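These notes concern the structure reproduced below.
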Amino acid sequence: MPELTVRPATLDDESAVLALIEELFDPPGARAPGYTRERGSTGFKYAVHDRDADVLLAVEGERIVGLASVYADILSIRYGPRCWLQDLIVTASHRGRGAGGRLLNAASDWARERGCTHLELASGAGRKDAHRFYLREWMLQAYNFSKQIE
């Protein structure tokens, strides 16, 4: 079995990244309101080019098996600079083999390098397996509320 590595995405990874993002829409997830490949492409290019954003890839051999999209996004009055982990996905065939933990560690390293004091994410209420993973990785459970703006 090839070694698992984590690296930042390049523009050449766009197709594989967007295919992996679509796995987030499988149950218990749902398609993001208004999501199109074009919107995904625009967001991917932004994350690859912006200093305060990135897409970190878990790669086994030549195959991308997971990703974490990270953003150094706000300067909180109470907590200082925050890293927001928007997407964390490991393809179903590679779950439970360490890729998620490696991506979460890489996201924490990325955040630390940018002076962030904490990393936050939101996880859908139905994603029980993901919740167990985050707790196993020593994340604190909190509530997150969302409102779609149309």
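To be explicit about the labels: the chains of the structure tokens are called A, B, and onward in the order shown, and within each one the residues are counted from 1, while ligands get numbers from 1 in the order they are shown.
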Using DSSP secondary structure from the backbone, list all helix (DSSP H, G or I) positions within chain A, as an MDAnalysis selection string.
chainID A and resid 11:23 37:49 92:94 99:113 128:136
Atoms to include: N, CA and C atoms. Write the selected residues as a compact mmCIF listing (two decimals), in the first residue's frame.
```txt
# COMPACT_ATOMS: atom_id res chain seq x y z
N LEU A 11 -3.91 23.91 -8.80
CA LEU A 11 -5.02 24.03 -9.76
C LEU A 11 -5.24 22.72 -10.53
N ASP A 12 -4.19 21.94 -10.73
CA ASP A 12 -4.32 20.67 -11.45
C ASP A 12 -5.20 19.66 -10.71
N ASP A 13 -5.44 19.88 -9.42
CA ASP A 13 -6.23 18.95 -8.60
C ASP A 13 -7.72 19.24 -8.64
N GLU A 14 -8.14 20.26 -9.36
CA GLU A 14 -9.52 20.73 -9.29
C GLU A 14 -10.55 19.63 -9.53
N SER A 15 -10.42 18.87 -10.58
CA SER A 15 -11.43 17.86 -10.91
C SER A 15 -11.57 16.83 -9.80
N ALA A 16 -10.45 16.34 -9.28
CA ALA A 16 -10.49 15.34 -8.21
C ALA A 16 -11.07 15.93 -6.93
N VAL A 17 -10.74 17.17 -6.63
CA VAL A 17 -11.25 17.82 -5.43
C VAL A 17 -12.76 18.00 -5.53
N LEU A 18 -13.25 18.48 -6.66
CA LEU A 18 -14.69 18.69 -6.80
C LEU A 18 -15.45 17.37 -6.76
N ALA A 19 -14.88 16.31 -7.28
CA ALA A 19 -15.52 14.99 -7.18
C ALA A 19 -15.60 14.55 -5.72
N LEU A 20 -14.56 14.81 -4.96
CA LEU A 20 -14.57 14.45 -3.55
C LEU A 20 -15.57 15.30 -2.76
N ILE A 21 -15.64 16.58 -3.07
CA ILE A 21 -16.62 17.47 -2.42
C ILE A 21 -18.03 16.92 -2.62
N GLU A 22 -18.31 16.39 -3.80
CA GLU A 22 -19.66 15.87 -4.07
C GLU A 22 -20.00 14.68 -3.18
N GLU A 23 -18.98 13.98 -2.63
CA GLU A 23 -19.26 12.90 -1.69
C GLU A 23 -19.90 13.43 -0.41
N ARG A 37 -21.16 22.96 -10.08
CA ARG A 37 -19.73 22.71 -10.31
C ARG A 37 -19.01 24.04 -10.52
N GLU A 38 -19.68 24.98 -11.18
CA GLU A 38 -19.07 26.29 -11.42
C GLU A 38 -18.78 27.01 -10.11
N ARG A 39 -19.74 26.98 -9.18
CA ARG A 39 -19.51 27.61 -7.88
C ARG A 39 -18.37 26.88 -7.14
N GLY A 40 -18.36 25.56 -7.21
CA GLY A 40 -17.29 24.79 -6.60
C GLY A 40 -15.94 25.16 -7.19
N SER A 41 -15.89 25.31 -8.50
CA SER A 41 -14.65 25.66 -9.18
C SER A 41 -14.15 27.03 -8.73
N THR A 42 -15.06 27.99 -8.64
CA THR A 42 -14.68 29.34 -8.20
C THR A 42 -14.14 29.31 -6.78
N GLY A 43 -14.82 28.59 -5.89
CA GLY A 43 -14.36 28.48 -4.51
C GLY A 43 -13.03 27.77 -4.39
N PHE A 44 -12.84 26.71 -5.19
CA PHE A 44 -11.58 25.98 -5.18
C PHE A 44 -10.43 26.89 -5.61
N LYS A 45 -10.60 27.61 -6.70
CA LYS A 45 -9.54 28.50 -7.19
C LYS A 45 -9.21 29.58 -6.17
N TYR A 46 -10.23 30.11 -5.52
CA TYR A 46 -10.01 31.11 -4.47
C TYR A 46 -9.14 30.51 -3.37
N ALA A 47 -9.52 29.33 -2.89
CA ALA A 47 -8.79 28.71 -1.78
C ALA A 47 -7.35 28.39 -2.14
N VAL A 48 -7.11 27.99 -3.37
CA VAL A 48 -5.75 27.67 -3.80
C VAL A 48 -4.88 28.93 -3.90
N HIS A 49 -5.47 30.03 -4.30
CA HIS A 49 -4.69 31.25 -4.54
C HIS A 49 -4.58 32.18 -3.35
N ALA A 92 -15.01 7.16 1.15
CA ALA A 92 -15.54 6.06 1.96
C ALA A 92 -14.58 4.88 2.05
N SER A 93 -13.90 4.54 0.97
CA SER A 93 -13.03 3.37 0.96
C SER A 93 -11.77 3.55 1.81
N HIS A 94 -11.50 4.79 2.25
CA HIS A 94 -10.27 5.05 3.02
C HIS A 94 -10.55 5.52 4.44
N ALA A 99 -6.38 8.87 7.50
CA ALA A 99 -6.34 10.06 6.64
C ALA A 99 -7.03 11.25 7.30
N GLY A 100 -8.16 11.02 7.95
CA GLY A 100 -8.87 12.12 8.60
C GLY A 100 -8.05 12.76 9.70
N GLY A 101 -7.41 11.95 10.52
CA GLY A 101 -6.55 12.48 11.57
C GLY A 101 -5.37 13.25 11.02
N ARG A 102 -4.79 12.74 9.96
CA ARG A 102 -3.66 13.44 9.32
C ARG A 102 -4.11 14.79 8.77
N LEU A 103 -5.29 14.82 8.15
CA LEU A 103 -5.81 16.08 7.61
C LEU A 103 -6.12 17.08 8.74
N LEU A 104 -6.71 16.59 9.83
CA LEU A 104 -7.01 17.48 10.94
C LEU A 104 -5.72 18.04 11.56
N ASN A 105 -4.70 17.22 11.69
CA ASN A 105 -3.40 17.69 12.19
C ASN A 105 -2.78 18.70 11.23
N ALA A 106 -2.88 18.43 9.93
CA ALA A 106 -2.33 19.36 8.93
C ALA A 106 -3.09 20.69 8.97
N ALA A 107 -4.41 20.62 9.17
CA ALA A 107 -5.20 21.86 9.28
C ALA A 107 -4.77 22.66 10.51
N SER A 108 -4.52 21.97 11.62
CA SER A 108 -4.05 22.65 12.84
C SER A 108 -2.68 23.28 12.61
N ASP A 109 -1.78 22.58 11.94
CA ASP A 109 -0.46 23.13 11.62
C ASP A 109 -0.59 24.35 10.73
N TRP A 110 -1.44 24.26 9.70
CA TRP A 110 -1.68 25.36 8.77
C TRP A 110 -2.16 26.58 9.55
N ALA A 111 -3.12 26.36 10.47
CA ALA A 111 -3.68 27.45 11.27
C ALA A 111 -2.60 28.08 12.16
N ARG A 112 -1.82 27.25 12.81
CA ARG A 112 -0.75 27.74 13.70
C ARG A 112 0.24 28.61 12.92
N GLU A 113 0.60 28.17 11.71
CA GLU A 113 1.53 28.94 10.88
C GLU A 113 1.00 30.32 10.53
N LYS A 128 -23.22 11.34 12.60
CA LYS A 128 -22.80 10.73 13.87
C LYS A 128 -21.39 10.16 13.80
N ASP A 129 -21.03 9.52 12.68
CA ASP A 129 -19.66 8.97 12.54
C ASP A 129 -18.62 10.09 12.60
N ALA A 130 -18.92 11.21 11.95
CA ALA A 130 -18.00 12.35 11.98
C ALA A 130 -17.88 12.90 13.40
N HIS A 131 -19.00 12.96 14.11
CA HIS A 131 -18.96 13.48 15.48
C HIS A 131 -18.08 12.60 16.37
N ARG A 132 -18.19 11.29 16.24
CA ARG A 132 -17.34 10.38 17.01
C ARG A 132 -15.86 10.60 16.66
N PHE A 133 -15.59 10.80 15.38
CA PHE A 133 -14.22 11.07 14.93
C PHE A 133 -13.68 12.34 15.59
N TYR A 134 -14.44 13.43 15.54
CA TYR A 134 -13.96 14.70 16.11
C TYR A 134 -13.71 14.58 17.61
N LEU A 135 -14.58 13.90 18.32
CA LEU A 135 -14.38 13.71 19.75
C LEU A 135 -13.15 12.86 20.02
N ARG A 136 -12.93 11.84 19.20
CA ARG A 136 -11.74 10.99 19.33
C ARG A 136 -10.46 11.80 19.09
```
Neighbouring residues of A:Gln148 were defined as those with any atom within 9 Å, considering only C-alpha atoms; residues of the same chain fewer than 2 positions away were excluded. Please report them as a count of residues only.
3
Calculated over only C-alpha atoms, which of the candidates A:Arg114, A:Gln86, A:Ile149, A:Tyr79 has the smallest distance to A:Gly34?
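Result for the nearest residue to A:Gly34: A:Ile149.
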A:Glu137, A:Asp50, A:Glu60, A:Glu120: which is nearest A:Thr5, counting only C-alpha atoms?
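For A:Thr5, the nearest of the candidates is A:Glu60.
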Taking 6 positions as the minimum chain separation for residues in the same chain, which residues sit within 12 Å of A:Ser76 when counting only C-alpha atoms? Answer as a list in words.
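Contacts, with the query itself left out: Arg82, Cys83, Trp84, Cys116, Thr117, His118 and Leu119 of chain A.
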With C-alpha atoms retained, write the just-selected residues as an mmCIF file, in the first residue's frame.
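Okay, result.cif is ready:
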```
data_model
loop_
_atom_site.group_PDB
_atom_site.id
_atom_site.type_symbol
_atom_site.label_atom_id
_atom_site.label_comp_id
_atom_site.auth_asym_id
_atom_site.auth_seq_id
_atom_site.Cartn_x
_atom_site.Cartn_y
_atom_site.Cartn_z
ATOM 1 C CA ARG A 82 -9.729 31.763 14.002
ATOM 2 C CA CYS A 83 -9.185 29.007 11.482
ATOM 3 C CA TRP A 84 -12.438 27.732 9.997
ATOM 4 C CA CYS A 116 -4.600 31.334 14.535
ATOM 5 C CA THR A 117 -5.407 30.525 18.151
ATOM 6 C CA HIS A 118 -8.176 28.021 17.490
ATOM 7 C CA LEU A 119 -9.793 25.874 14.819
#
```
Going by DSSP on the backbone, which bits of chain A are strand (DSSP E)? Write them as an mmCIF file with C-alpha atoms, in the first residue's frame, please.
```cif
data_model
loop_
_atom_site.group_PDB
_atom_site.id
_atom_site.type_symbol
_atom_site.label_atom_id
_atom_site.label_comp_id
_atom_site.auth_asym_id
_atom_site.auth_seq_id
_atom_site.Cartn_x
_atom_site.Cartn_y
_atom_site.Cartn_z
ATOM 1 C CA LEU A 4 -0.302 8.538 2.745
ATOM 2 C CA THR A 5 0.942 12.120 2.447
ATOM 3 C CA VAL A 6 -0.734 15.494 2.958
ATOM 4 C CA ARG A 7 -0.022 18.405 0.638
ATOM 5 C CA PRO A 8 -1.660 21.654 -0.497
ATOM 6 C CA ALA A 53 -7.250 29.853 2.550
ATOM 7 C CA ASP A 54 -6.122 26.453 1.339
ATOM 8 C CA VAL A 55 -7.239 22.990 0.352
ATOM 9 C CA LEU A 56 -5.112 20.324 2.008
ATOM 10 C CA LEU A 57 -5.112 16.936 0.306
ATOM 11 C CA ALA A 58 -4.557 13.449 1.674
ATOM 12 C CA VAL A 59 -2.856 11.553 -1.143
ATOM 13 C CA GLU A 60 -2.124 7.844 -1.342
ATOM 14 C CA ARG A 63 -4.859 9.177 -5.669
ATOM 15 C CA ILE A 64 -6.462 11.988 -3.678
ATOM 16 C CA VAL A 65 -8.367 10.226 -0.884
ATOM 17 C CA GLY A 66 -9.327 13.152 1.334
ATOM 18 C CA LEU A 67 -9.314 16.899 1.758
ATOM 19 C CA ALA A 68 -9.644 19.667 4.288
ATOM 20 C CA SER A 69 -10.527 23.202 3.208
ATOM 21 C CA VAL A 70 -9.248 25.784 5.689
ATOM 22 C CA TYR A 71 -9.687 29.537 6.048
ATOM 23 C CA ALA A 72 -8.054 32.008 8.435
ATOM 24 C CA ASP A 73 -11.194 34.079 8.495
ATOM 25 C CA ILE A 74 -11.902 36.296 11.519
ATOM 26 C CA LEU A 75 -10.166 38.036 14.385
ATOM 27 C CA SER A 76 -12.432 37.191 17.314
ATOM 28 C CA GLY A 80 -8.139 35.855 18.647
ATOM 29 C CA PRO A 81 -7.582 34.729 15.036
ATOM 30 C CA ARG A 82 -9.729 31.763 14.002
ATOM 31 C CA CYS A 83 -9.185 29.007 11.482
ATOM 32 C CA TRP A 84 -12.438 27.732 9.997
ATOM 33 C CA LEU A 85 -12.354 24.184 8.666
ATOM 34 C CA GLN A 86 -15.146 24.249 6.106
ATOM 35 C CA ASP A 87 -14.893 20.808 4.520
ATOM 36 C CA LEU A 88 -13.288 17.623 5.787
ATOM 37 C CA ILE A 89 -13.909 14.512 3.735
ATOM 38 C CA VAL A 90 -12.182 11.182 3.336
ATOM 39 C CA HIS A 118 -8.176 28.021 17.490
ATOM 40 C CA LEU A 119 -9.793 25.874 14.819
ATOM 41 C CA GLU A 120 -13.541 25.531 14.463
#
```
Could you tell me how far atom CA of A:Glu3 lies from atom CA of A:Arg51, in Å and to one decimal?
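Calculated distance between atom CA of A:Glu3 and atom CA of A:Arg51 is 28.0 Å.
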